[in-house]
Every structure is written in C-alpha cells, then in structure tokens.
>>> print(open('protein_13.tsv').read())   # TSV, C-alpha atoms
chain	number	residue	atom	x	y	z
Q	121	MET	CA	-1.50	43.90	40.34
Q	122	ALA	CA	-3.48	41.62	38.05
Q	123	SER	CA	-3.76	44.33	35.39
Q	124	SER	CA	0.01	44.90	35.41
Q	125	VAL	CA	0.65	41.13	34.96
Q	126	CYS	CA	-1.68	40.99	31.96
Q	127	LEU	CA	-0.01	44.05	30.47
Q	128	ALA	CA	3.41	42.44	30.89
Q	129	LYS	CA	2.27	39.23	29.16
Q	130	ALA	CA	0.77	41.19	26.28
Q	131	SER	CA	3.99	43.21	25.87
Q	132	ALA	CA	6.08	40.01	25.85
Q	133	SER	CA	3.78	38.41	23.27
Q	134	ILE	CA	4.00	41.45	20.99
Q	135	LEU	CA	7.78	41.56	21.40
Q	136	THR	CA	8.12	37.84	20.59
Q	137	ARG	CA	6.06	38.12	17.40
Q	138	ALA	CA	8.03	41.21	16.41
Q	139	ARG	CA	11.30	39.27	16.64
Q	140	LEU	CA	10.01	36.43	14.41
Q	141	PRO	CA	11.36	36.50	10.85
Q	142	GLY	CA	8.94	37.36	8.09
Q	143	VAL	CA	9.21	33.95	6.46
Q	144	THR	CA	7.75	32.32	9.57
Q	145	GLY	CA	4.58	34.27	9.14
Q	146	CYS	CA	4.36	33.05	5.56
Q	147	ILE	CA	4.65	29.46	6.71
Q	148	ILE	CA	1.87	29.92	9.24
Q	149	VAL	CA	-0.43	31.45	6.64
Q	150	GLN	CA	0.36	28.68	4.15
Q	151	GLN	CA	-0.51	25.97	6.68
Q	152	ARG	CA	-3.75	27.70	7.58
Q	153	ASN	CA	-4.84	27.88	3.93
Q	154	SER	CA	-3.91	24.26	3.39
Q	155	SER	CA	-5.97	23.05	6.33
Q	156	SER	CA	-8.96	25.07	5.22
Q	157	GLY	CA	-9.23	23.02	2.04
Q	158	SER	CA	-8.69	25.90	-0.40
Q	159	ILE	CA	-5.56	24.17	-1.77
Q	160	PRO	CA	-6.28	20.73	-3.29
Q	161	THR	CA	-4.22	17.83	-1.92
Q	162	ASN	CA	-2.72	15.21	-4.23
Q	163	ILE	CA	-3.49	11.87	-2.60
Q	164	THR	CA	-0.62	10.04	-4.27
Q	165	SER	CA	1.87	12.45	-2.66
Q	166	MET	CA	0.82	11.17	0.76
Q	167	LYS	CA	2.57	7.80	0.33
Q	168	ARG	CA	4.28	6.61	3.46
Q	169	GLY	CA	5.90	3.45	4.70
Q	170	THR	CA	8.05	0.86	2.98
Q	171	GLY	CA	5.14	-1.04	1.47
Q	172	GLY	CA	2.85	-3.65	2.91
Q	173	ARG	CA	-0.40	-3.79	4.79
Q	174	SER	CA	0.42	-1.09	7.35
Q	175	SER	CA	1.79	1.36	4.79
Q	176	PHE	CA	-0.15	3.74	2.58
Q	177	SER	CA	0.39	3.20	-1.14
Q	178	GLY	CA	-1.31	6.43	-2.19
Q	179	ILE	CA	-4.17	4.45	-3.75
Q	180	VAL	CA	-7.70	5.20	-2.60
Q	181	ALA	CA	-9.81	2.72	-4.58
Q	182	THR	CA	-13.57	2.38	-4.81
Q	183	VAL	CA	-14.37	-1.22	-5.77
Q	184	PHE	CA	-17.86	-1.81	-7.14
Q	185	GLY	CA	-18.82	-5.47	-7.00
Q	186	ALA	CA	-16.35	-6.19	-4.19
Q	187	ASN	CA	-18.51	-8.98	-2.78
Q	188	GLY	CA	-18.33	-10.98	-6.00
Q	189	PHE	CA	-15.98	-13.80	-6.94
Q	190	LEU	CA	-13.27	-11.57	-8.42
Q	191	GLY	CA	-13.95	-8.63	-6.11
Q	192	ARG	CA	-12.83	-10.45	-2.98
Q	193	TYR	CA	-9.45	-11.20	-4.55
Q	194	VAL	CA	-9.00	-7.64	-5.80
Q	195	CYS	CA	-9.76	-6.14	-2.38
Q	196	ASN	CA	-7.31	-8.54	-0.76
Q	197	LYS	CA	-4.55	-7.56	-3.21
Q	198	LEU	CA	-5.23	-3.86	-2.63
Q	199	GLY	CA	-5.18	-4.26	1.14
Q	200	LYS	CA	-1.84	-6.07	1.08
Q	201	ILE	CA	-0.06	-3.11	-0.50
Q	202	GLY	CA	-1.55	-0.59	1.93
Q	203	SER	CA	-4.39	0.91	-0.08
Q	204	GLN	CA	-7.52	2.47	1.29
Q	205	VAL	CA	-10.51	0.54	-0.09
Q	206	ILE	CA	-14.03	1.92	-0.31
Q	207	ILE	CA	-16.62	-0.82	-0.76
Q	208	PRO	CA	-20.09	0.23	-1.95
Q	209	TYR	CA	-22.68	-2.47	-1.28
Q	210	ARG	CA	-26.34	-3.08	-2.08
Q	211	CYS	CA	-26.77	-6.30	-0.13
Q	212	ASP	CA	-27.09	-6.81	3.60
Q	213	ALA	CA	-24.19	-5.24	5.49
Q	214	TYR	CA	-23.28	-8.55	7.11
Q	215	GLU	CA	-22.53	-10.07	3.69
Q	216	VAL	CA	-19.62	-7.66	3.11
Q	217	GLU	CA	-18.48	-7.39	6.73
Q	218	ARG	CA	-15.79	-10.06	6.26
Q	219	LEU	CA	-14.07	-7.82	3.72
Q	220	ARG	CA	-13.08	-5.51	6.58
Q	221	LEU	CA	-10.15	-7.86	7.24
Q	222	VAL	CA	-8.52	-7.39	3.82
Q	223	GLY	CA	-6.90	-4.12	4.91
Q	224	ASP	CA	-5.38	-2.49	7.96
Q	225	LEU	CA	-7.47	-0.91	10.71
Q	226	GLY	CA	-9.57	1.93	9.32
Q	227	GLN	CA	-8.45	1.38	5.73
Q	228	VAL	CA	-11.57	-0.48	4.55
Q	229	LEU	CA	-14.73	1.64	4.41
Q	230	PHE	CA	-18.27	0.60	3.52
Q	231	PHE	CA	-21.05	2.66	2.01
Q	232	PRO	CA	-24.56	1.60	0.88
Q	233	PHE	CA	-25.40	2.53	-2.69
Q	234	HIS	CA	-27.73	1.73	-5.57
Q	235	LEU	CA	-26.61	1.40	-9.17
Q	236	LYS	CA	-29.41	3.71	-10.36
Q	237	ASP	CA	-28.85	6.34	-7.64
Q	238	GLU	CA	-26.26	8.85	-8.87
Q	239	ALA	CA	-26.03	10.67	-5.54
Q	240	SER	CA	-24.94	7.55	-3.67
Q	241	ILE	CA	-22.42	6.70	-6.42
Q	242	ARG	CA	-20.95	10.18	-6.29
Q	243	LYS	CA	-20.39	9.93	-2.54
Q	244	THR	CA	-18.40	6.72	-2.94
Q	245	VAL	CA	-16.05	7.98	-5.68
Q	246	GLN	CA	-15.53	11.67	-4.87
Q	247	TYR	CA	-12.46	11.05	-2.69
Q	248	SER	CA	-10.94	8.19	-4.74
Q	249	ASN	CA	-8.23	8.31	-7.37
Q	250	VAL	CA	-9.04	4.77	-8.62
Q	251	VAL	CA	-12.46	3.27	-9.41
Q	252	ILE	CA	-12.80	-0.42	-10.29
Q	253	ASN	CA	-16.06	-1.67	-11.78
Q	254	LEU	CA	-16.51	-5.42	-11.27
Q	255	ILE	CA	-20.31	-5.41	-11.27
Q	256	GLY	CA	-21.75	-8.16	-13.42
Q	257	ARG	CA	-24.91	-10.23	-13.71
Q	258	GLU	CA	-25.09	-13.72	-15.23
Q	259	TRP	CA	-28.88	-13.84	-15.25
Q	260	GLU	CA	-31.60	-11.26	-15.67
Q	261	THR	CA	-34.23	-10.32	-13.09
Q	262	LYS	CA	-37.33	-8.14	-13.20
Q	263	ASN	CA	-35.33	-5.30	-11.57
Q	264	PHE	CA	-32.08	-5.58	-13.50
Q	265	SER	CA	-31.58	-6.74	-17.06
Q	266	PHE	CA	-28.22	-7.33	-18.72
Q	267	ASN	CA	-28.44	-3.90	-20.31
Q	268	ASP	CA	-29.27	-2.20	-16.98
Q	269	VAL	CA	-26.23	-3.65	-15.26
Q	270	HIS	CA	-23.57	-3.95	-17.94
Q	271	ASN	CA	-24.39	-1.02	-20.21
Q	272	ASP	CA	-26.32	1.68	-18.37
Q	273	GLY	CA	-24.66	0.95	-15.01
Q	274	ALA	CA	-21.13	0.98	-16.42
Q	275	ARG	CA	-21.80	4.22	-18.32
Q	276	ARG	CA	-23.12	5.86	-15.17
Q	277	LEU	CA	-20.11	4.84	-13.10
Q	278	ALA	CA	-17.65	6.01	-15.76
Q	279	ARG	CA	-19.38	9.35	-16.24
Q	280	ILE	CA	-19.59	10.17	-12.54
Q	281	SER	CA	-15.98	9.06	-12.00
Q	282	LYS	CA	-14.86	11.41	-14.76
Q	283	GLU	CA	-16.83	14.29	-13.26
Q	284	CYS	CA	-15.28	13.67	-9.83
Q	285	GLY	CA	-11.73	13.76	-11.19
Q	286	VAL	CA	-10.88	10.09	-10.81
Q	287	GLU	CA	-7.47	9.37	-12.30
Q	288	THR	CA	-7.87	5.67	-13.19
Q	289	PHE	CA	-11.05	3.84	-14.13
Q	290	ILE	CA	-10.89	0.03	-14.56
Q	291	HIS	CA	-13.76	-1.89	-16.11
Q	292	MET	CA	-14.20	-5.67	-16.25
Q	293	SER	CA	-15.60	-7.13	-19.47
Q	294	HIS	CA	-15.45	-10.55	-21.15
Q	295	LEU	CA	-12.95	-11.97	-23.61
Q	296	ASN	CA	-15.68	-12.99	-26.07
Q	297	ALA	CA	-17.66	-9.74	-25.82
Q	298	LYS	CA	-18.26	-8.67	-29.41
Q	299	ALA	CA	-20.91	-6.95	-31.46
Q	300	GLU	CA	-21.80	-10.33	-32.97
Q	301	PRO	CA	-20.45	-13.10	-30.74
Q	302	GLN	CA	-20.33	-16.71	-31.82
Q	303	LYS	CA	-23.86	-18.09	-32.00
Q	304	ILE	CA	-24.52	-21.57	-30.62
Q	305	TRP	CA	-28.32	-21.60	-30.43
Q	306	ASN	CA	-29.86	-18.17	-30.01
Q	307	GLY	CA	-26.86	-16.00	-29.21
Q	308	SER	CA	-25.71	-14.59	-25.87
Q	309	LYS	CA	-27.30	-11.40	-24.59
Q	310	TYR	CA	-24.68	-11.35	-21.85
Q	311	LEU	CA	-21.79	-11.04	-24.31
Q	312	GLU	CA	-23.64	-8.46	-26.39
Q	313	SER	CA	-24.31	-6.29	-23.33
Q	314	LYS	CA	-20.69	-6.63	-22.22
Q	315	TYR	CA	-19.54	-5.33	-25.59
Q	316	ALA	CA	-21.98	-2.43	-25.28
Q	317	SER	CA	-20.50	-1.66	-21.85
Q	318	GLU	CA	-17.03	-1.35	-23.37
Q	319	LEU	CA	-18.28	1.20	-25.89
Q	320	ALA	CA	-20.14	3.11	-23.16
Q	321	VAL	CA	-17.09	3.26	-20.87
Q	322	ARG	CA	-14.84	4.36	-23.72
Q	323	GLU	CA	-17.30	7.14	-24.57
Q	324	GLU	CA	-17.51	8.48	-21.02
Q	325	PHE	CA	-13.93	7.74	-19.87
Q	326	PRO	CA	-11.58	7.38	-22.88
Q	327	GLU	CA	-8.53	6.62	-20.70
Q	328	ALA	CA	-10.25	3.70	-18.95
Q	329	ILE	CA	-8.49	0.34	-18.70
Q	330	ILE	CA	-10.74	-2.52	-19.83
Q	331	PHE	CA	-9.99	-6.09	-18.78
Q	332	LYS	CA	-11.35	-8.79	-21.08
Q	333	SER	CA	-11.25	-12.04	-19.14
Q	334	ALA	CA	-11.86	-15.63	-20.13
Q	335	ASP	CA	-13.60	-18.03	-17.74
Q	336	MET	CA	-12.03	-17.64	-14.29
Q	337	TYR	CA	-11.49	-20.56	-11.94
Q	338	GLY	CA	-10.55	-20.84	-8.27
Q	339	SER	CA	-12.13	-21.59	-4.92
Q	340	GLU	CA	-15.92	-21.02	-4.98
Q	341	ASP	CA	-15.80	-20.43	-8.73
Q	342	ASN	CA	-18.47	-20.93	-11.39
Q	343	PHE	CA	-16.31	-22.91	-13.77
Q	344	LEU	CA	-14.78	-25.97	-12.09
Q	345	HIS	CA	-17.59	-26.27	-9.54
Q	346	TYR	CA	-20.09	-25.69	-12.33
Q	347	PHE	CA	-19.23	-28.99	-14.02
Q	348	ASN	CA	-19.20	-30.71	-10.62
Q	349	LEU	CA	-22.81	-29.62	-10.02
Q	350	ARG	CA	-25.15	-32.61	-9.92
Q	351	SER	CA	-28.04	-30.64	-11.35
Q	352	ARG	CA	-25.79	-29.91	-14.33
Q	353	TRP	CA	-25.49	-33.65	-15.00
Q	354	SER	CA	-28.07	-35.71	-16.86
Q	355	ALA	CA	-29.67	-38.85	-15.43
Q	356	VAL	CA	-30.53	-40.70	-18.66
Q	357	PRO	CA	-27.93	-41.26	-19.91
Q	358	MET	CA	-25.72	-40.48	-16.91
Q	359	GLY	CA	-23.25	-37.84	-17.98
Q	360	ILE	CA	-22.45	-34.19	-18.58
Q	361	PRO	CA	-24.29	-32.76	-21.63
Q	362	LEU	CA	-22.17	-30.45	-23.79
Q	363	TRP	CA	-22.68	-28.81	-27.15
Q	364	LYS	CA	-21.18	-31.30	-29.64
Q	365	LYS	CA	-19.62	-33.07	-26.64
Q	366	GLY	CA	-17.26	-30.13	-26.15
Q	367	GLU	CA	-15.11	-31.26	-29.07
Q	368	HIS	CA	-15.67	-28.06	-31.09
Q	369	THR	CA	-15.03	-25.58	-28.26
Q	370	ILE	CA	-11.63	-24.32	-27.12
Q	371	LYS	CA	-11.25	-22.60	-23.76
Q	372	GLN	CA	-8.35	-20.76	-22.17
Q	373	PRO	CA	-9.37	-20.46	-18.49
Q	374	VAL	CA	-7.42	-18.16	-16.18
Q	375	TYR	CA	-6.88	-18.25	-12.42
Q	376	VAL	CA	-8.85	-15.57	-10.60
Q	377	GLY	CA	-5.86	-14.58	-8.45
Q	378	ASP	CA	-3.86	-13.79	-11.59
Q	379	VAL	CA	-6.63	-11.50	-12.87
Q	380	ALA	CA	-6.80	-9.70	-9.51
Q	381	GLU	CA	-3.02	-9.23	-9.50
Q	382	GLY	CA	-3.16	-7.83	-13.02
Q	383	ILE	CA	-5.86	-5.34	-12.06
Q	384	VAL	CA	-3.83	-4.03	-9.13
Q	385	LYS	CA	-0.62	-3.82	-11.18
Q	386	SER	CA	-2.38	-1.94	-13.98
Q	387	ILE	CA	-3.06	0.97	-11.60
Q	388	THR	CA	0.60	1.94	-11.53
Q	389	ALA	CA	1.71	0.38	-14.83
Q	390	PRO	CA	2.83	2.92	-17.44
Q	391	ASP	CA	1.23	3.17	-20.89
Q	392	MET	CA	-1.85	1.11	-20.00
Q	393	ALA	CA	-4.40	3.92	-20.07
Q	394	GLY	CA	-7.05	3.43	-22.74
Q	395	LYS	CA	-6.06	-0.17	-23.55
Q	396	ASP	CA	-7.88	-3.49	-23.56
Q	397	ILE	CA	-6.05	-6.11	-21.50
Q	398	GLU	CA	-6.88	-9.75	-22.23
Q	399	CYS	CA	-6.87	-12.16	-19.29
Q	400	VAL	CA	-6.24	-15.72	-20.42
Q	401	GLY	CA	-4.39	-18.71	-19.03
Q	402	SER	CA	-1.10	-20.09	-20.26
Q	403	GLN	CA	-2.69	-22.98	-22.21
Q	404	ARG	CA	-5.64	-23.51	-24.54
Q	405	TYR	CA	-7.71	-26.68	-24.06
Q	406	TYR	CA	-10.66	-28.30	-25.75
Q	407	LEU	CA	-13.67	-28.17	-23.45
Q	408	ALA	CA	-13.96	-31.95	-23.86
Q	409	ASP	CA	-10.50	-32.45	-22.35
Q	410	ILE	CA	-11.25	-30.04	-19.49
Q	411	VAL	CA	-14.44	-31.91	-18.55
Q	412	ASP	CA	-12.70	-35.29	-18.85
Q	413	TYR	CA	-9.96	-34.04	-16.53
Q	414	ILE	CA	-12.58	-32.89	-14.01
Q	415	ILE	CA	-14.20	-36.34	-14.15
Q	416	ARG	CA	-10.82	-38.00	-13.51
Q	417	ILE	CA	-10.14	-35.74	-10.53
Q	418	LEU	CA	-13.57	-36.62	-9.09
Q	419	ARG	CA	-12.86	-40.33	-9.73
Q	420	ARG	CA	-16.17	-40.85	-11.51
Q	421	GLU	CA	-14.89	-42.34	-14.77
Q	422	GLU	CA	-16.96	-45.49	-14.27
Q	423	TYR	CA	-20.35	-43.92	-14.93
Q	424	LEU	CA	-19.88	-40.23	-15.84
Q	425	ARG	CA	-19.37	-39.44	-19.53
Q	426	ARG	CA	-19.71	-36.49	-21.86
Q	427	THR	CA	-22.87	-36.48	-23.98
Q	428	ASP	CA	-24.32	-34.24	-26.67
Q	429	ARG	CA	-27.95	-34.58	-25.54
Q	430	THR	CA	-28.56	-31.04	-24.32
Q	431	LEU	CA	-32.30	-30.72	-25.01
Q	432	ILE	CA	-33.48	-31.68	-21.51
Q	433	LEU	CA	-30.78	-29.52	-19.94
Q	434	ARG	CA	-31.89	-26.51	-22.00
Q	435	ILE	CA	-35.52	-27.05	-20.94
Q	436	LYS	CA	-34.43	-27.10	-17.29
Q	437	ALA	CA	-32.38	-23.96	-17.85
Q	438	MET	CA	-35.37	-22.20	-19.39
Q	439	LEU	CA	-37.47	-23.01	-16.31
Q	440	LEU	CA	-34.69	-21.80	-13.98
Q	441	ASP	CA	-34.93	-18.35	-15.57
Q	442	TYR	CA	-38.24	-17.87	-13.74
Q	443	ILE	CA	-36.76	-18.55	-10.30
Q	444	PRO	CA	-36.13	-15.23	-8.45
Q	445	SER	CA	-32.82	-16.35	-6.90
Q	446	ARG	CA	-29.30	-17.29	-7.88
Q	447	VAL	CA	-29.15	-20.06	-10.45
Q	448	TRP	CA	-26.02	-21.97	-11.40
Q	449	TYR	CA	-26.93	-22.09	-15.08
Q	450	ASN	CA	-29.48	-20.72	-17.51
Q	451	LEU	CA	-29.94	-20.56	-21.26
Q	452	ASP	CA	-27.42	-17.76	-21.68
Q	453	LYS	CA	-24.86	-19.62	-19.58
Q	454	LEU	CA	-25.23	-22.72	-21.77
Q	455	GLU	CA	-24.83	-20.48	-24.82
Q	456	ARG	CA	-21.55	-19.00	-23.55
Q	457	GLU	CA	-20.34	-22.44	-22.58
Q	458	GLY	CA	-19.98	-23.46	-26.23
Q	459	VAL	CA	-18.27	-20.26	-27.41
Q	460	THR	CA	-14.58	-20.60	-28.27
Q	461	ASP	CA	-12.11	-18.17	-26.67
Q	462	TRP	CA	-10.38	-15.99	-29.24
Q	463	THR	CA	-7.60	-13.55	-28.41
Q	464	ASN	CA	-6.30	-10.48	-30.22
Q	465	PRO	CA	-2.50	-10.45	-30.57
Q	466	ALA	CA	-2.54	-6.65	-30.62
Q	467	ASN	CA	-3.88	-6.41	-27.06
Q	468	PRO	CA	-1.62	-6.69	-23.99
Q	469	THR	CA	-2.04	-9.63	-21.63
Q	470	LEU	CA	-1.46	-10.34	-17.96
Q	471	GLU	CA	2.09	-11.38	-18.72
Q	472	ASP	CA	2.78	-7.89	-20.07
Q	473	LEU	CA	1.86	-6.62	-16.60
Q	474	GLY	CA	4.40	-8.94	-15.00
Q	475	VAL	CA	1.94	-11.58	-13.78
Q	476	SER	CA	3.22	-15.17	-13.54
Q	477	LEU	CA	0.32	-17.32	-14.74
Q	478	THR	CA	-0.87	-20.21	-12.59
Q	479	SER	CA	-0.97	-23.73	-14.05
Q	480	PHE	CA	-4.55	-24.80	-14.76
Q	481	GLU	CA	-4.00	-28.52	-14.18
Q	482	MET	CA	-2.34	-27.92	-10.81
Q	483	MET	CA	-4.96	-25.48	-9.48
Q	484	ALA	CA	-7.91	-27.50	-10.83
Q	485	HIS	CA	-6.66	-30.57	-8.98
Q	486	TYR	CA	-6.20	-28.53	-5.78
Q	487	VAL	CA	-9.74	-27.08	-5.95
Q	488	LEU	CA	-11.66	-30.25	-6.89
Q	489	PHE	CA	-9.72	-33.00	-5.13
Q	490	ARG	CA	-11.70	-32.56	-1.92
Q	491	TYR	CA	-14.91	-33.39	-3.82
Q	492	ARG	CA	-13.64	-36.74	-5.15
Q	493	ARG	CA	-15.75	-39.86	-4.75
Q	494	ASN	CA	-15.18	-41.69	-1.43
Q	495	ALA	CA	-13.21	-38.73	-0.14
Q	496	TYR	CA	-13.21	-40.12	3.42
Q	497	TYR	CA	-11.59	-43.38	2.37
Q	498	SER	CA	-8.09	-43.67	3.87
Q	499	GLU	CA	-6.15	-44.61	0.78
Q	500	LYS	CA	-2.62	-45.93	0.79
Q	501	LEU	CA	0.21	-43.95	-0.69
Q	502	GLY	CA	0.19	-44.55	-4.43
Q	503	GLU	CA	-3.02	-46.61	-4.35
Q	504	PHE	CA	-4.64	-44.32	-6.92
Q	505	ALA	CA	-2.71	-42.89	-9.83
Q	506	ASP	CA	-2.72	-39.13	-10.34
Q	507	PRO	CA	-5.28	-38.05	-12.95
Q	508	GLU	CA	-3.82	-37.52	-16.38
Q	509	PRO	CA	-3.75	-33.79	-17.14
Q	510	PRO	CA	-5.54	-32.45	-20.23
Q	511	LYS	CA	-3.61	-32.02	-23.45
Q	512	PRO	CA	-3.27	-28.52	-24.88
Q	513	ALA	CA	-5.23	-27.78	-28.04
Q	514	GLU	CA	-1.97	-27.39	-29.95
Q	515	PHE	CA	-1.27	-31.08	-29.34
Q	516	TYR	CA	-4.06	-32.07	-31.71
Q	517	SER	CA	-3.11	-29.56	-34.39
Q	518	ASN	CA	0.50	-30.80	-34.35
Q	519	LYS	CA	-0.74	-34.37	-34.43
Q	520	LEU	CA	-2.88	-33.56	-37.46
Q	521	LYS	CA	0.07	-31.94	-39.24
Q	522	VAL	CA	2.19	-35.04	-38.67
Q	523	ALA	CA	-0.59	-37.32	-39.92
Q	524	THR	CA	-1.13	-35.32	-43.12
Q	525	SER	CA	2.55	-34.78	-43.92
>>> encode(input="protein_13.tsv", output="structure tokens")
Amino acid sequence: MASSVCLAKASASILTRARLPGVTGCIIVQQRNSSSGSIPTNITSMKRGTGGRSSFSGIVATVFGANGFLGRYVCNKLGKIGSQVIIPYRCDAYEVERLRLVGDLGQVLFFPFHLKDEASIRKTVQYSNVVINLIGREWETKNFSFNDVHNDGARRLARISKECGVETFIHMSHLNAKAEPQKIWNGSKYLESKYASELAVREEFPEAIIFKSADMYGSEDNFLHYFNLRSRWSAVPMGIPLWKKGEHTIKQPVYVGDVAEGIVKSITAPDMAGKDIECVGSQRYYLADIVDYIIRILRREEYLRRTDRTLILRIKAMLLDYIPSRVWYNLDKLEREGVTDWTNPANPTLEDLGVSLTSFEMMAHYVLFRYRRNAYYSEKLGEFADPEPPKPAEFYSNKLKVATS
C-alpha cells in the first residue's frame, strides 16, 4: 500500500512538471544562478522606498574618519537618506558606538581596521559603491607623520578602492593645500602633505572627487572654540596673540553641516567626477574681525585684546609637540592660522551642488553664546546689546576706494 502511494505521488509530480511551460524552467534556472553569485548585482538597482531613514538609497558608503568632527555630520546625512554606512575604526569600539544611531536598524556597520593594513581596508570597501576618506591629522606622532596619514594613507585607500570596483571615491583636502603654501614662519607641513595627497589620489583614482575646505566651524569645532581656549590666550599682556594682530589674514570659514551636505550631494550629482570642489562660506572676513567678534560674544571686551606678541605662544606650541596626546594647537597650527584663504574661480563650490550656505555670524553666536562671561546671570530682556557682527573684507576695500577717489 505504501509503495503504491509513493508511486502515485511520483507520477503526479512528473505529470505536473511536464505540464509546466518551458519558460518557467528558464525562470527557475535564472533565479538559481543569480542566488549563487555568478551574476553580479548592481547595488544601485536595489533602491526601494520613497526616501528617508527607513528607505534604501542604493548607496553603500564606507566612511574613513567617521569619528572625526566632519565624519559625524557626514554619517548623519547619509543615514537620513537611507544609506548603508560602513564605519572602519581604529580606536576603542565604544568611541564609535554612538554612530550606530545615525542610520536605521542594521544599516550602520562597524569594522576594525588599520591604515597600514591593506587586508583590513579591502574588507571594508569590497561591498561599497562609495568610499569617503575624511582621515586627517593636525599633529604628528611617532607612529604617524603627516606624510603617513595624508599622502601614503590616501594613496592606499584610493588604490584599493579602485581595485575593488568602487564607483565614487571622495577625498577631503584643504583649501590652502598647495605645492608652496603661504609661508608665515617656517611653512606648513600639513598643507604640503595635503597637496601631496591630492596628487596621490588623482594618480590612483582619476575620477575621484576632492573637497578643498576652508576652516570649518560648528559645535565641538577647532575654530571658534580654539580662540575661546584659555591656554591659547596670553597672560602678559592679557589677550589673544595673532600674527600681525590678524590684520593681514583673510579667512572664509564654512559651516561643517554645509560641507557634509555637499559631500552627500556630490555622490549623485552629475559631472562632478574628477573635479576639485571648494568649500567656503558666503563671506570673507579679516581674522582680526573674527576674533573681535568672538570676544564680543564672550563679553570679555574689558580685558581681552588682540596682540602681535606670539613668541611665548610659539614656544609653548613647540613644547606641546612632545606631548603624546591631543593638543589644541602646535607650531603647524599657528602657521596655518595666518595663511589667507584663496579660492580658484574655475573650481565648483558648495553652491553649485545646491547647498544653501549658513550665515557665519548667526552660527558663531549660537555656538559661543553659552560660554559668555557670567553666563548664569539672569539678565533682563535687552539689558545687553547684541554683539556687532564682523564686517566683510570687501567693506574695507570699498572704503579704501572711496577714500582714494
């Protein structure tokens, strides 16, 4: 009885398959080959959803330097549009754990790596169609020099990304990175190594998008908070030492959120491959006016002034170079501080990517107002006047034209 039942089932199965059209068999075979991995899958064709955090944008991005100042903003922007973010890290895992919240559940992945270990780098980029290099070092250590991080490291990332078939490679440089940057005292090794990194990336990945950013400001930055640092001040006389009092330096600082938005938009922007994108703010200011505005926000006009006595500060910075930990300033930082920001009209900017630039005076007041003197004093409405915003650099040139005409 049992054998007859089995025979009947087998006959029915054979009859059913015989009645299936031939095209069905082709579909089954095609699906089997696709699942076996013999047919490559285009990640961007897997887009789903209407956009947003719970959608999938088709972007699988590996972000090197995600735990840095700019990296946190970039990861947040990527997560908001539904991208899968791979975060390589070299620090303790708990230091990058908070970045898990920038994306939807399961969309943020972490992987330990070392900048000199090609095998670990290859594992983090082999499934990505976008690689973003935000790794940077503002001071040298015995393990990593400027050249190790900016030049050799960037070349290694670009080469491996090209070998793994990455579609878009984005590299972060500096606006003033040149073969021979402006020399204040001894020249900036940081800017020289950043320029070398651009050449290295272009050699390994010609279609790479290079962002050349001016000084970035925002919460937890190293620009506005830098001048609010008490160790950056001088005691005798009390003030903020600057090269030539900051009256010969023009800066065009940019909000970090605008740079992050530009990086994310450049991934899908047409005709941006192989270009240098300059990231600057909407206004140019003399460094003297920027520092004076910071002093007014902090309400320390009574005793805090700009000075040009930088000798003691440079000696302190030289000693800080021997401290094996993060330092707020060093000799190279003081060198870059006096360099004027110059732009190239031939290069596209953040506005060309559709980014609406944030007002410097508004954001600077928002970031620094909490650090004002006597912050816990309950002031009356209108008791203190709003700090006068800095004047754009063009104001002085127009004033000079009127005076000489």
>>> closest_residue(input="protein_13.tsv", among="Q:Lys500, Q:His270, Q:Arg416, Q:Arg276", to="Ala316 in chain Q", atoms="only C-alpha atoms")
Q:His270
>>> atom_distance(input="protein_13.tsv", atom1="CA of Val222 in chain Q", atom2="CA of Val475 in chain Q")
20.9 Å
>>> closest_residue(input="protein_13.tsv", among="Q:Pro357, Q:Pro208, Q:Gly202, Q:Gly285", to="Pro232 in chain Q", atoms="all atoms listed in the file")
Q:Pro208
>>> residues_near_point(input="protein_13.tsv", point="(-4.9, 6.3, -19.2)", cutoff="8 Å", atoms="only C-alpha atoms", output="list of chain:residue names")
Q:Glu287, Q:Thr288, Q:Pro326, Q:Glu327, Q:Ala328, Q:Ile329, Q:Asp391, Q:Met392, Q:Ala393, Q:Gly394, Q:Lys395
>>> residues_near_point(input="protein_13.tsv", point="(-22.7, -17.0, -27.3)", cutoff="6 Å", atoms="all atoms listed in the file", output="NGL selection string")
:Q and (301-304 or 307-308 or 455-456 or 459)
>>> atom_distance(input="protein_13.tsv", atom1="CA of Glu312 in chain Q", atom2="CA of Ser333 in chain Q")
14.8 Å
>>> atom_distance(input="protein_13.tsv", atom1="CA of Leu433 in chain Q", atom2="CA of Trp448 in chain Q")
12.4 Å
>>> closest_residue(input="protein_13.tsv", among="Q:Ala334, Q:Leu235, Q:Leu362, Q:Leu418", to="Phe184 in chain Q", atoms="all atoms listed in the file")
Q:Leu235
